$ cat structure.cif   # mmCIF, C-alpha atoms
data_run
loop_
_atom_site.label_atom_id
_atom_site.label_comp_id
_atom_site.auth_asym_id
_atom_site.auth_seq_id
_atom_site.Cartn_x
_atom_site.Cartn_y
_atom_site.Cartn_z
CA MET G 184 45.63 -21.46 33.45
CA ALA G 185 48.22 -21.41 36.29
CA SER G 186 48.23 -22.11 39.99
CA ALA G 187 47.74 -19.31 42.50
CA VAL G 188 50.74 -17.78 44.14
CA LEU G 189 48.83 -17.36 47.40
CA PRO G 190 46.49 -20.05 48.65
CA SER G 191 42.85 -19.11 48.99
CA GLY G 192 42.91 -19.78 52.72
CA SER G 193 45.56 -17.13 53.23
CA LEU G 194 43.50 -14.60 51.31
CA CYS G 195 40.45 -15.37 53.36
CA ALA G 196 42.44 -15.02 56.60
CA ALA G 197 43.87 -11.70 55.41
CA ALA G 198 40.39 -10.49 54.57
CA ALA G 199 39.18 -11.45 58.03
CA ALA G 200 42.12 -9.65 59.65
CA ALA G 201 41.39 -6.53 57.63
CA ALA G 202 37.79 -6.59 58.81
CA ALA G 203 38.91 -6.78 62.47
CA ALA G 204 41.58 -4.05 62.19
CA PRO G 205 41.06 -0.48 63.42
CA PRO G 206 39.26 1.82 60.95
CA GLY G 207 42.38 3.68 59.84
CA LEU G 208 44.29 0.48 59.19
CA ARG G 209 41.32 -1.38 57.81
CA LEU G 210 41.18 0.63 54.55
CA ARG G 211 44.90 0.14 53.93
CA LEU G 212 44.67 -3.58 54.52
CA ARG G 213 41.73 -3.89 52.14
CA LEU G 214 43.56 -2.01 49.39
CA LEU G 215 46.58 -4.20 49.93
CA LEU G 216 44.45 -7.27 49.80
CA LEU G 217 42.86 -6.18 46.52
CA LEU G 218 46.25 -5.57 45.00
CA LEU G 219 47.45 -8.97 46.09
CA SER G 220 44.35 -10.67 44.73
CA ALA G 221 44.60 -8.91 41.40
CA ALA G 222 48.32 -9.43 40.94
CA ALA G 223 48.94 -12.78 42.58
CA LEU G 224 45.79 -14.75 41.86
CA ILE G 225 45.25 -16.31 38.46
CA PRO G 226 41.94 -18.25 38.56
CA THR G 227 41.83 -21.89 37.59
CA GLY G 228 38.98 -24.22 36.77
CA ASP G 229 36.01 -23.65 34.46
CA GLY G 230 33.80 -21.69 36.89
CA GLN G 231 31.39 -24.59 37.12
CA ASN G 232 30.11 -23.33 40.45
CA LEU G 233 29.44 -19.81 39.09
CA ILE G 234 26.42 -18.65 37.07
CA THR G 235 26.00 -15.44 35.07
CA GLU G 236 24.24 -14.22 31.90
CA ASP G 237 25.21 -11.98 29.00
CA VAL G 238 23.69 -8.51 29.07
CA THR G 239 22.38 -6.47 26.15
CA VAL G 240 21.59 -2.86 26.92
CA VAL G 241 20.75 0.28 24.99
CA GLU G 242 23.20 3.13 25.27
CA GLY G 243 22.28 5.43 28.15
CA GLU G 244 20.28 2.83 30.02
CA VAL G 245 21.14 0.57 33.00
CA ALA G 246 22.98 -2.74 32.81
CA THR G 247 22.82 -5.25 35.67
CA ILE G 248 25.59 -7.81 36.16
CA SER G 249 24.93 -10.78 38.41
CA CYS G 250 27.51 -13.27 39.73
CA ARG G 251 25.77 -16.21 41.47
CA VAL G 252 27.17 -19.23 43.30
CA LYS G 253 25.34 -22.53 42.94
CA ASN G 254 26.79 -24.16 46.07
CA SER G 255 27.95 -21.47 48.43
CA ASP G 256 30.79 -22.19 50.89
CA ASP G 257 31.26 -18.60 52.04
CA SER G 258 34.02 -18.05 49.50
CA VAL G 259 34.80 -14.48 48.44
CA ILE G 260 33.14 -13.17 45.23
CA GLN G 261 34.52 -10.31 43.21
CA LEU G 262 33.65 -8.60 39.90
CA LEU G 263 36.27 -7.30 37.43
CA ASN G 264 35.92 -5.03 34.40
CA PRO G 265 37.27 -5.82 30.89
CA ASN G 266 40.65 -4.38 31.97
CA ARG G 267 40.61 -6.80 34.91
CA GLN G 268 40.25 -4.03 37.43
CA THR G 269 38.27 -4.95 40.50
CA ILE G 270 34.86 -3.31 40.50
CA TYR G 271 33.57 -4.97 43.69
CA PHE G 272 35.36 -7.19 46.20
CA ARG G 273 32.54 -8.62 48.25
CA ASP G 274 30.55 -5.46 49.11
CA PHE G 275 33.53 -3.12 48.77
CA ARG G 276 34.04 -0.99 45.62
CA PRO G 277 37.69 -0.05 45.10
CA LEU G 278 36.96 1.35 41.59
CA LYS G 279 36.15 5.04 41.70
CA ASP G 280 33.53 4.88 38.92
CA SER G 281 30.36 5.85 40.76
CA ARG G 282 28.18 4.54 37.96
CA PHE G 283 28.69 1.06 39.47
CA GLN G 284 26.36 0.50 42.38
CA LEU G 285 25.84 -2.52 44.58
CA VAL G 286 22.37 -3.98 44.15
CA ASN G 287 22.71 -7.15 46.24
CA PHE G 288 25.44 -8.92 48.14
CA SER G 289 25.28 -12.27 49.89
CA ASN G 290 27.33 -15.45 50.16
CA SER G 291 25.61 -16.72 47.00
CA GLU G 292 25.29 -13.58 44.84
CA LEU G 293 27.02 -10.36 43.91
CA ARG G 294 24.78 -8.12 41.83
CA VAL G 295 25.98 -4.76 40.49
CA SER G 296 24.24 -2.14 38.31
CA LEU G 297 25.94 0.11 35.77
CA THR G 298 24.04 3.29 34.94
CA ASN G 299 24.30 5.50 31.86
CA VAL G 300 25.96 2.78 29.79
CA SER G 301 28.13 3.94 26.91
CA ILE G 302 29.78 2.16 24.01
CA SER G 303 33.09 2.20 25.93
CA ASP G 304 31.55 -0.04 28.62
CA GLU G 305 31.08 -2.88 26.15
CA GLY G 306 33.17 -6.04 26.69
CA ARG G 307 33.73 -8.98 29.02
CA TYR G 308 33.19 -8.68 32.78
CA PHE G 309 34.62 -11.40 35.03
CA CYS G 310 33.08 -13.06 38.06
CA GLN G 311 35.68 -14.67 40.35
CA LEU G 312 35.13 -17.05 43.25
CA TYR G 313 38.04 -17.53 45.69
CA THR G 314 37.92 -21.28 46.18
CA ASP G 315 40.72 -23.81 46.00
CA PRO G 316 41.39 -23.69 43.15
CA PRO G 317 39.80 -20.27 42.30
CA GLN G 318 36.99 -20.19 39.71
CA GLU G 319 36.16 -17.64 37.08
CA ILE G 320 33.41 -17.04 34.54
CA TYR G 321 32.70 -14.04 32.31
CA THR G 322 29.64 -12.20 31.07
CA THR G 323 29.53 -10.02 27.96
CA ILE G 324 27.90 -6.62 27.90
CA THR G 325 26.66 -5.64 24.44
CA VAL G 326 25.72 -2.00 23.97
CA LEU G 327 23.13 -1.09 21.33
CA VAL G 328 23.37 2.37 19.84
CA PRO G 329 20.33 3.71 17.95
CA PRO G 330 20.89 5.96 14.93
CA ARG G 331 21.92 9.40 16.13
CA ASN G 332 20.31 11.11 13.17
CA LEU G 333 17.89 10.11 10.42
CA MET G 334 17.72 12.25 7.31
CA ILE G 335 15.71 11.97 4.09
CA ASP G 336 16.57 13.86 0.94
CA ILE G 337 14.65 14.15 -2.33
CA GLN G 338 16.49 14.95 -5.54
CA LYS G 339 13.84 17.48 -6.60
CA ASP G 340 11.47 19.40 -4.40
CA THR G 341 8.95 19.48 -7.27
CA ALA G 342 8.71 16.66 -9.81
CA VAL G 343 6.80 16.41 -13.08
CA GLU G 344 4.31 13.66 -13.83
CA GLY G 345 6.09 10.62 -15.33
CA GLU G 346 9.53 11.71 -14.11
CA GLU G 347 11.87 9.40 -12.18
CA ILE G 348 13.33 10.94 -9.03
CA GLU G 349 15.94 9.81 -6.51
CA VAL G 350 15.20 9.72 -2.77
CA ASN G 351 17.93 9.02 -0.18
CA CYS G 352 17.69 8.20 3.52
CA THR G 353 20.70 8.14 5.88
CA ALA G 354 20.85 6.61 9.38
CA MET G 355 24.04 7.78 11.09
CA ALA G 356 26.23 6.24 13.84
CA SER G 357 24.30 3.17 14.93
CA LYS G 358 25.35 -0.17 16.38
CA PRO G 359 24.63 -2.61 14.91
CA ALA G 360 23.93 -1.40 11.38
CA THR G 361 20.33 -0.39 10.82
CA THR G 362 17.93 -1.76 8.22
CA ILE G 363 16.09 0.93 6.26
CA ARG G 364 12.59 0.31 4.88
CA TRP G 365 10.71 2.49 2.39
CA PHE G 366 7.01 3.25 2.15
CA LYS G 367 4.97 5.37 -0.26
CA GLY G 368 1.77 5.93 1.62
CA ASN G 369 0.88 2.45 2.88
CA LYS G 370 2.74 0.62 0.11
CA GLU G 371 6.20 -0.75 0.91
CA LEU G 372 8.93 -0.19 -1.69
CA THR G 373 12.42 -1.61 -2.12
CA GLY G 374 15.55 0.51 -1.95
CA LYS G 375 19.28 -0.14 -2.29
CA SER G 376 21.42 0.24 0.87
CA GLU G 377 25.13 0.86 1.49
CA VAL G 378 26.84 0.41 4.90
CA GLU G 379 29.88 2.38 6.06
CA GLU G 380 31.73 1.34 9.25
CA TRP G 381 33.73 3.75 11.38
CA SER G 382 35.10 3.04 14.87
CA ASP G 383 32.64 0.21 15.57
CA MET G 384 29.76 2.42 14.46
CA TYR G 385 27.77 2.11 11.26
CA THR G 386 26.25 4.63 8.87
CA VAL G 387 23.64 3.27 6.44
CA THR G 388 22.43 5.08 3.30
CA SER G 389 19.49 3.75 1.29
CA GLN G 390 18.57 4.93 -2.21
CA LEU G 391 15.09 4.74 -3.73
CA MET G 392 14.29 5.40 -7.40
CA LEU G 393 10.68 6.45 -7.84
CA THR G 394 8.61 7.23 -10.95
CA VAL G 395 5.88 9.65 -9.93
CA GLY G 396 2.39 10.27 -11.31
CA LYS G 397 -0.34 12.79 -10.60
CA GLU G 398 -1.83 10.42 -8.02
CA ASP G 399 1.41 10.72 -5.99
CA ASP G 400 0.98 14.45 -5.38
CA GLY G 401 0.75 15.03 -1.63
CA VAL G 402 1.59 11.39 -0.77
CA PRO G 403 4.28 10.91 1.93
CA VAL G 404 7.49 8.97 1.24
CA ILE G 405 8.50 7.37 4.54
CA CYS G 406 11.96 6.20 5.62
CA LEU G 407 11.59 3.78 8.55
CA VAL G 408 14.46 2.39 10.67
CA ASP G 409 14.46 -1.26 11.77
CA HIS G 410 16.89 -1.45 14.73
CA PRO G 411 16.83 -3.40 18.05
CA ALA G 412 17.59 -0.27 20.06
CA VAL G 413 14.69 1.83 18.82
CA LYS G 414 11.06 1.46 17.75
CA ASP G 415 9.01 3.52 15.33
CA MET G 416 11.89 5.76 14.30
CA GLN G 417 11.04 7.29 10.95
CA THR G 418 11.12 10.42 8.86
CA GLN G 419 9.11 11.41 5.83
CA ARG G 420 8.77 13.87 2.98
CA TYR G 421 5.65 14.72 1.00
CA LEU G 422 5.85 14.45 -2.77
CA GLU G 423 4.96 17.47 -4.85
CA VAL G 424 4.07 16.45 -8.40
CA GLN G 425 3.06 18.77 -11.24
CA TYR G 426 0.71 17.36 -13.89
CA LYS G 427 -1.15 18.62 -16.94
CA PRO G 428 -4.82 19.60 -16.64
CA GLN G 429 -7.70 17.18 -16.49
CA VAL G 430 -10.60 18.68 -18.49
CA HIS G 431 -14.31 17.88 -18.26
CA ILE G 432 -17.28 19.60 -19.94
CA GLN G 433 -20.42 19.93 -17.83
CA LEU G 434 -23.82 20.54 -19.50
CA THR G 435 -25.39 23.30 -17.42
CA TYR G 436 -28.48 24.00 -19.55
CA PRO G 437 -30.82 22.47 -20.65
CA PRO G 438 -30.76 20.20 -17.60
CA GLN G 439 -32.48 17.28 -19.37
CA GLY G 440 -29.88 17.33 -22.15
CA LEU G 441 -32.41 17.84 -24.99
CA THR G 442 -31.44 20.61 -27.42
CA ARG G 443 -34.12 21.89 -29.82
CA GLU G 444 -34.32 24.81 -32.16
CA GLY G 445 -34.88 28.04 -30.29
CA ASP G 446 -33.47 26.73 -26.99
CA THR G 447 -30.42 27.97 -25.09
CA LEU G 448 -27.26 25.89 -24.58
CA GLU G 449 -24.83 26.52 -21.71
CA LEU G 450 -21.63 24.51 -21.20
CA THR G 451 -19.12 24.78 -18.34
CA CYS G 452 -15.49 23.72 -18.72
CA GLU G 453 -13.94 22.22 -15.56
CA ALA G 454 -10.11 22.00 -15.59
CA ILE G 455 -7.93 20.75 -12.73
CA GLY G 456 -4.14 20.62 -12.86
CA LYS G 457 -0.96 21.50 -11.00
CA PRO G 458 -0.27 24.31 -11.36
CA GLN G 459 -3.93 25.22 -11.83
CA PRO G 460 -4.74 26.45 -15.38
CA VAL G 461 -5.42 30.17 -15.28
CA MET G 462 -7.70 30.19 -18.34
CA VAL G 463 -9.51 27.91 -20.78
CA ASN G 464 -10.24 28.31 -24.48
CA TRP G 465 -13.41 27.36 -26.40
CA VAL G 466 -13.21 26.41 -30.10
CA ARG G 467 -15.47 24.74 -32.63
CA LEU G 468 -13.89 21.98 -34.69
CA ASP G 469 -13.94 22.47 -38.48
CA ASP G 470 -15.69 25.83 -38.16
CA ASP G 471 -15.81 29.09 -36.25
CA LEU G 472 -17.92 29.65 -33.18
CA PRO G 473 -21.43 30.92 -34.01
CA GLN G 474 -21.70 34.68 -34.04
CA HIS G 475 -24.35 34.57 -31.33
CA ALA G 476 -22.16 32.39 -29.04
CA VAL G 477 -20.89 34.08 -25.89
CA VAL G 478 -17.73 32.91 -24.03
CA SER G 479 -17.50 34.03 -20.40
CA GLY G 480 -14.51 32.60 -18.57
CA SER G 481 -14.98 28.84 -18.55
CA ASN G 482 -18.62 29.04 -19.77
CA LEU G 483 -19.95 28.83 -23.34
CA LEU G 484 -23.46 30.21 -23.98
CA ILE G 485 -25.40 29.84 -27.25
CA ASN G 486 -28.87 31.40 -27.40
CA ASN G 487 -31.64 30.66 -29.93
CA LEU G 488 -30.20 27.37 -31.21
CA ASN G 489 -30.66 26.35 -34.82
CA LYS G 490 -29.38 23.50 -36.96
CA THR G 491 -26.45 25.55 -38.24
CA ASP G 492 -25.04 25.37 -34.69
CA ASN G 493 -24.55 21.60 -34.97
CA GLY G 494 -20.94 20.50 -34.50
CA THR G 495 -18.23 19.56 -32.02
CA TYR G 496 -17.21 22.14 -29.42
CA ARG G 497 -13.85 21.77 -27.65
CA CYS G 498 -12.60 23.17 -24.34
CA GLU G 499 -8.81 23.45 -24.07
CA ALA G 500 -6.76 24.09 -20.90
CA SER G 501 -3.00 24.26 -20.41
CA ASN G 502 -0.30 24.84 -17.81
CA VAL G 503 3.50 24.54 -17.73
CA VAL G 504 3.30 20.75 -17.91
CA GLY G 505 1.05 20.36 -20.96
CA THR G 506 -2.30 20.86 -22.69
CA ALA G 507 -5.49 18.82 -22.47
CA HIS G 508 -8.99 19.12 -23.93
CA SER G 509 -12.52 17.72 -23.82
CA ASP G 510 -15.15 17.67 -26.61
CA TYR G 511 -18.93 18.09 -26.70
CA THR G 512 -20.99 17.24 -29.79
CA LEU G 513 -24.10 19.37 -30.31
CA TYR G 514 -27.09 18.18 -32.33
CA VAL G 515 -30.10 20.48 -32.55
CA TYR G 516 -33.51 18.83 -33.09
CA ASP G 517 -36.79 20.16 -34.39
CA PRO G 518 -39.28 21.54 -31.87
CA PRO G 519 -42.16 19.20 -30.81
CA THR G 520 -44.86 18.59 -33.53
CA THR G 521 -48.44 17.10 -33.59
CA ILE G 522 -49.74 14.82 -36.40
CA PRO G 523 -53.56 14.15 -36.92
CA PRO G 524 -54.60 10.56 -37.78
CA PRO G 525 -57.24 9.65 -40.50
CA THR G 526 -60.79 10.92 -39.76
CA THR G 527 -64.11 9.02 -40.05
CA THR G 528 -67.55 10.03 -41.31
CA THR G 529 -68.38 11.15 -37.82
CA THR G 530 -67.23 14.41 -36.30
CA THR G 531 -64.86 12.58 -33.96
CA THR G 532 -61.17 13.34 -34.66
CA THR G 533 -58.31 11.57 -32.89
CA ILE G 534 -55.03 13.45 -32.51
CA LEU G 535 -51.80 11.43 -32.26
CA THR G 536 -48.98 13.46 -30.78
CA ILE G 537 -45.45 12.39 -31.54
CA ILE G 538 -42.99 13.54 -28.94
CA THR G 539 -39.46 13.59 -30.08
CA ASP G 540 -36.88 13.30 -27.44
CA SER G 541 -33.18 13.07 -27.91
CA ARG G 542 -30.02 13.78 -26.10
CA ALA G 543 -27.74 16.09 -28.08
CA GLY G 544 -24.18 15.10 -28.70
CA GLU G 545 -24.56 11.49 -27.61
CA ASP G 546 -26.34 9.03 -29.96
CA ASN G 547 -28.32 11.47 -32.22
CA SER G 548 -31.41 9.22 -31.99
CA ILE G 549 -35.09 10.27 -31.79
CA ARG G 550 -37.26 8.66 -29.18
CA ALA G 551 -40.98 8.76 -30.11
CA VAL G 552 -43.89 8.20 -27.80
CA ASP G 553 -45.99 6.07 -30.20
CA HIS G 554 -49.76 5.92 -29.71
CA ALA G 555 -50.19 3.35 -32.47
CA VAL G 556 -52.23 1.13 -30.21
CA ILE G 557 -54.80 3.84 -29.62
CA GLY G 558 -54.84 4.72 -33.32
CA GLY G 559 -55.29 1.07 -34.23
CA VAL G 560 -58.26 0.70 -31.90
CA VAL G 561 -59.85 3.82 -33.38
CA ALA G 562 -59.22 2.54 -36.93
CA VAL G 563 -60.85 -0.83 -36.11
CA VAL G 564 -63.92 0.91 -34.69
CA VAL G 565 -64.21 3.15 -37.76
CA PHE G 566 -63.79 0.19 -40.09
CA ALA G 567 -66.48 -1.77 -38.23
CA MET G 568 -68.89 1.15 -38.49
CA LEU G 569 -68.25 1.45 -42.26
CA CYS G 570 -68.87 -2.25 -42.73
CA LEU G 571 -72.10 -2.03 -40.76
CA LEU G 572 -73.32 0.89 -42.90
CA ILE G 573 -72.56 -1.03 -46.12
CA ILE G 574 -74.39 -4.15 -44.93
CA LEU G 575 -77.48 -2.18 -43.89
CA GLY G 576 -77.52 -0.34 -47.24
CA ARG G 577 -77.44 -3.58 -49.24
CA TYR G 578 -80.14 -5.10 -47.08
CA PHE G 579 -82.56 -2.25 -47.59
CA ALA G 580 -81.80 -2.18 -51.32
CA ARG G 581 -82.72 -5.87 -51.78
CA HIS G 582 -85.99 -5.59 -49.87
CA LYS G 583 -87.31 -2.51 -51.70
CA GLY G 584 -91.22 -2.55 -52.61
CA THR G 585 -92.32 -3.80 -56.16
CA TYR G 586 -95.53 -2.49 -58.07
CA PHE G 587 -97.29 -4.63 -60.81
CA THR G 588 -100.45 -3.89 -63.08
CA HIS G 589 -102.42 -5.94 -65.64
CA GLU G 590 -102.92 -3.18 -68.13
CA ALA G 591 -100.86 -4.81 -70.85
CA LYS G 592 -101.80 -8.37 -70.10
CA GLY G 593 -101.67 -10.47 -73.22
CA ALA G 594 -99.15 -8.33 -75.02
CA ASP G 595 -96.27 -10.49 -73.90
CA ASP G 596 -97.41 -13.37 -76.20
CA ALA G 597 -98.01 -11.24 -79.38
CA ALA G 598 -96.00 -12.00 -82.53
CA ASP G 599 -95.52 -8.37 -83.51
CA ALA G 600 -96.17 -4.88 -82.22
CA ASP G 601 -99.58 -4.48 -83.91
CA THR G 602 -100.81 -7.69 -82.43
CA ALA G 603 -99.50 -6.69 -79.04
CA ILE G 604 -101.41 -3.43 -79.16
CA ILE G 605 -104.58 -5.19 -80.21
CA ASN G 606 -104.15 -7.78 -77.51
CA ALA G 607 -103.48 -5.11 -74.98
CA GLU G 608 -106.51 -3.14 -75.91
CA GLY G 609 -108.60 -6.26 -75.91
CA GLY G 610 -107.29 -7.12 -72.56
CA GLN G 611 -108.35 -3.75 -71.28
CA ASN G 612 -111.84 -4.22 -72.65
CA ASN G 613 -112.17 -7.69 -71.31
CA SER G 614 -110.89 -6.71 -67.96
CA GLU G 615 -113.50 -6.01 -65.51
CA GLU G 616 -111.23 -3.90 -63.32
CA LYS G 617 -107.60 -3.06 -62.61
CA LYS G 618 -105.91 -5.03 -59.87
CA GLU G 619 -102.84 -3.87 -57.99
CA TYR G 620 -100.43 -6.05 -55.98
CA PHE G 621 -97.97 -4.82 -53.47
CA ILE G 622 -95.32 -7.14 -52.30
#
$ encode --input "structure.cif" --output "structure tokens"
Amino acid sequence: MASAVLPSGSLCAAAAAAAAAPPGLRLRLRLLLLLLSAAALIPTGDGQNLITEDVTVVEGEVATISCRVKNSDDSVIQLLNPNRQTIYFRDFRPLKDSRFQLVNFSNSELRVSLTNVSISDEGRYFCQLYTDPPQEIYTTITVLVPPRNLMIDIQKDTAVEGEEIEVNCTAMASKPATTIRWFKGNKELTGKSEVEEWSDMYTVTSQLMLTVGKEDDGVPVICLVDHPAVKDMQTQRYLEVQYKPQVHIQLTYPPQGLTREGDTLELTCEAIGKPQPVMVNWVRLDDDLPQHAVVSGSNLLINNLNKTDNGTYRCEASNVVGTAHSDYTLYVYDPPTTIPPPTTTTTTTTILTIITDSRAGEDNSIRAVDHAVIGGVVAVVVFAMLCLLIILGRYFARHKGTYFTHEAKGADDAADADTAIINAEGGQNNSEEKKEYFI
């Protein structure tokens, strides 16, 4: 802080004289005045009558610098660059940089715009007010530079399921340093970043270690930049993951899953992998395939099933990553049978049909449709009819007709056989007539 060599009143008078001079002399006087003000005036005070704000601008955009006076007294306002070169003296621009343009000039404000801002424009700009003593205040222009290039690199173009790969993302030449965020699909991941500074610019490299699975195939890995100068700046790469086949056996026939003797069995082997398996193989565990079995591509066909076909059948598929398989257990059941229940004395016969139903290869159980209730009712009816027949037979037997005569009356009391004969004969003689009784 030092006093001014020239008083402010002299500068103001010189400025007024320059304004009143002829046009040819006027330009020379103004240039001389600017040189005197720049070389001879050293502002004093704290600029308490001046107001300005710091400016933050993205490279290539427009910055606006405003120098305002709280209590104007018609003092001269000028704007200087970081090298203390006069940009504007009142409404006159001695600096030949056409990017500076006057936006507004009055006794209380000097507002200037700077177009196409570059990193070299960053620094302190000074507002000066020619009072007694002169006042000065500065504003700082901060230039934001977005990353000039964003690159993502994957260690391997094609990874194998379960493998750990390295992914790198580089944001070059930004100011300030960028923050890099990682995403796999919609899930955010954490990487490790390194910052390199060069000539006030920053290059950031972030490393991500990723263990991939088959579910990651075709999923994008996204590198997203978090920087105040740019929004939604990102780049991405799609993962390509190879994995061994996934095998599934589909029962094509019979559709209900019941396998009986004499039926046909058809199985289809479905295999999905990357790369896609080109062929599948059918085998029978612990035995050879039946001679009447037919393998056609991914299909296995067995006609005229019998119990010797029981066993576990395996479908195998492979690619460069590995081999996988799926098993199907076959159990062949007897064909449907009918069983007659006990018959009665009548001609009525009740047939009880047992339907055996099972699902081959699963629980090997037989499900029977039991008509025991119907059979029980029939048995009760038959039993009741038998009981009724027995009761009626006994009743008629006990009430059968009895026939008595008196031909041998008196013989029951005889002491011996001769006497009985005599008594019997006598009884016949003494009897007037034979009498019969029917009960």
$ resolve_selection --input "structure.cif" --expression "the PyMOL selection byres ((chain G and resi 392) around 12)" --output "number ranges by chain"
G: 337-338, 346-352, 365, 367, 372-375, 389-391, 393-395, 404
$ atom_distance --input "structure.cif" --atom1 "atom CA of Asp304 of chain G" --atom2 "atom CA of Ser357 of chain G"
15.8 Å
$ residues_around --input "structure.cif" --residues "Ser509 of chain G" --least-positions-apart "4" --cutoff "6 Å" --atoms "all atoms listed in the file" --output "compact mmCIF listing (two decimals) with C-alpha atoms, in the coordinates of the input"
# COMPACT_ATOMS: atom_id res chain seq x y z
CA VAL G 430 -10.60 18.68 -18.49
CA HIS G 431 -14.31 17.88 -18.26
CA ARG G 497 -13.85 21.77 -27.65
CA CYS G 498 -12.60 23.17 -24.34
$ resolve_selection --input "structure.cif" --expression "the PyMOL selection byres ((chain G and resi 257) around 9)" --output "compact mmCIF listing (two decimals) with C-alpha atoms, in the coordinates of the input"
# COMPACT_ATOMS: atom_id res chain seq x y z
CA SER G 255 27.95 -21.47 48.43
CA ASP G 256 30.79 -22.19 50.89
CA SER G 258 34.02 -18.05 49.50
CA VAL G 259 34.80 -14.48 48.44
CA ILE G 260 33.14 -13.17 45.23
CA SER G 289 25.28 -12.27 49.89
CA ASN G 290 27.33 -15.45 50.16
CA SER G 291 25.61 -16.72 47.00
$ atom_distance --input "structure.cif" --atom1 "atom CA of Ile270 of chain G" --atom2 "atom CA of Gln231 of chain G"
21.8 Å
$ atom_distance --input "structure.cif" --atom1 "atom CA of Arg267 of chain G" --atom2 "atom CA of Ala360 of chain G"
29.3 Å
$ resolve_selection --input "structure.cif" --expression "the PyMOL selection byres ((chain G and resi 233) around 9)" --output "CSV table (one decimal) with C-alpha atoms, in the frame of the given file"
chain,number,residue,atom,x,y,z
G,229,ASP,CA,36.0,-23.6,34.5
G,230,GLY,CA,33.8,-21.7,36.9
G,231,GLN,CA,31.4,-24.6,37.1
G,232,ASN,CA,30.1,-23.3,40.4
G,234,ILE,CA,26.4,-18.6,37.1
G,235,THR,CA,26.0,-15.4,35.1
G,250,CYS,CA,27.5,-13.3,39.7
G,251,ARG,CA,25.8,-16.2,41.5
G,252,VAL,CA,27.2,-19.2,43.3
G,253,LYS,CA,25.3,-22.5,42.9
G,254,ASN,CA,26.8,-24.2,46.1
G,310,CYS,CA,33.1,-13.1,38.1
G,311,GLN,CA,35.7,-14.7,40.4
G,312,LEU,CA,35.1,-17.0,43.2
G,318,GLN,CA,37.0,-20.2,39.7
G,319,GLU,CA,36.2,-17.6,37.1
G,320,ILE,CA,33.4,-17.0,34.5
$ closest_residue --input "structure.cif" --among "G:Ile405, G:Val286, G:Val240, G:Val561" --to "Tyr421 of chain G" --atoms "all atoms listed in the file"
G:Ile405
$ residues_around --input "structure.cif" --residues "Gln429 of chain G" --least-positions-apart "4" --cutoff "12 Å" --atoms "all atoms listed in the file" --output "VMD selection string"
chain G and resid 397 452 to 460 463 498 to 502 504 to 509
$ closest_residue --input "structure.cif" --among "G:Tyr385, G:Phe366, G:Trp465, G:Phe288" --to "Thr353 of chain G" --atoms "all atoms listed in the file"
G:Tyr385
$ closest_residue --input "structure.cif" --among "G:Asp315, G:Glu444, G:Asp399, G:Asp492" --to "Ala342 of chain G" --atoms "all atoms listed in the file"
G:Asp399
$ residues_near_point --input "structure.cif" --point "(25.8, 8.4, 8.2)" --cutoff "8 Å" --atoms "all atoms listed in the file" --output "list of chain:residue names"
G:Asn332, G:Thr353, G:Ala354, G:Met355, G:Ala356, G:Glu379, G:Tyr385, G:Thr386, G:Val387, G:Thr388
$ closest_residue --input "structure.cif" --among "G:Val295, G:Val515, G:Val238, G:Val565" --to "Phe272 of chain G" --atoms "all atoms listed in the file"
G:Val295
$ residues_around --input "structure.cif" --residues "Gln433 of chain G" --least-positions-apart "6" --cutoff "10 Å" --atoms "all atoms listed in the file" --output "PyMOL selection string"
chain G and resi 449-453+482+511
$ residues_around --input "structure.cif" --residues "Val343 of chain G" --least-positions-apart "3" --cutoff "7 Å" --atoms "all atoms listed in the file" --output "list in words"
Glu346, Val424, Gln425 and Tyr426 of chain G
$ closest_residue --input "structure.cif" --among "G:Pro359, G:Pro265, G:Gly396, G:Gly576" --to "Glu380 of chain G" --atoms "only C-alpha atoms"
G:Pro359
$ residues_around --input "structure.cif" --residues "segment 242-245 of chain G" --least-positions-apart "4" --cutoff "8 Å" --atoms "all atoms listed in the file" --output "PDB file with C-alpha atoms, in the frame of the given file"
ATOM      1  CA  SER G 296      24.240  -2.140  38.310  1.00  0.00           C
ATOM      2  CA  LEU G 297      25.940   0.110  35.770  1.00  0.00           C
ATOM      3  CA  THR G 298      24.040   3.290  34.940  1.00  0.00           C
ATOM      4  CA  ASN G 299      24.300   5.500  31.860  1.00  0.00           C
ATOM      5  CA  VAL G 300      25.960   2.780  29.790  1.00  0.00           C
ATOM      6  CA  SER G 301      28.130   3.940  26.910  1.00  0.00           C
ATOM      7  CA  ILE G 302      29.780   2.160  24.010  1.00  0.00           C
ATOM      8  CA  VAL G 326      25.720  -2.000  23.970  1.00  0.00           C
ATOM      9  CA  LEU G 327      23.130  -1.090  21.330  1.00  0.00           C
ATOM     10  CA  VAL G 328      23.370   2.370  19.840  1.00  0.00           C
ATOM     11  CA  PRO G 329      20.330   3.710  17.950  1.00  0.00           C
TER      12      PRO G 329
END
$ axis_aligned_box --input "structure.cif" --around "segment 240-244 of chain G" --padding-each-side "3 Å" --output "lines of an AutoDock Vina configuration file"
center_x = 21.7
center_y = 1.3
center_z = 27.5
size_x = 8.9
size_y = 14.3
size_z = 11.0
$ closest_residue --input "structure.cif" --among "G:His410, G:Asn487, G:Ile557, G:Arg443" --to "Tyr514 of chain G" --atoms "only C-alpha atoms"
G:Arg443
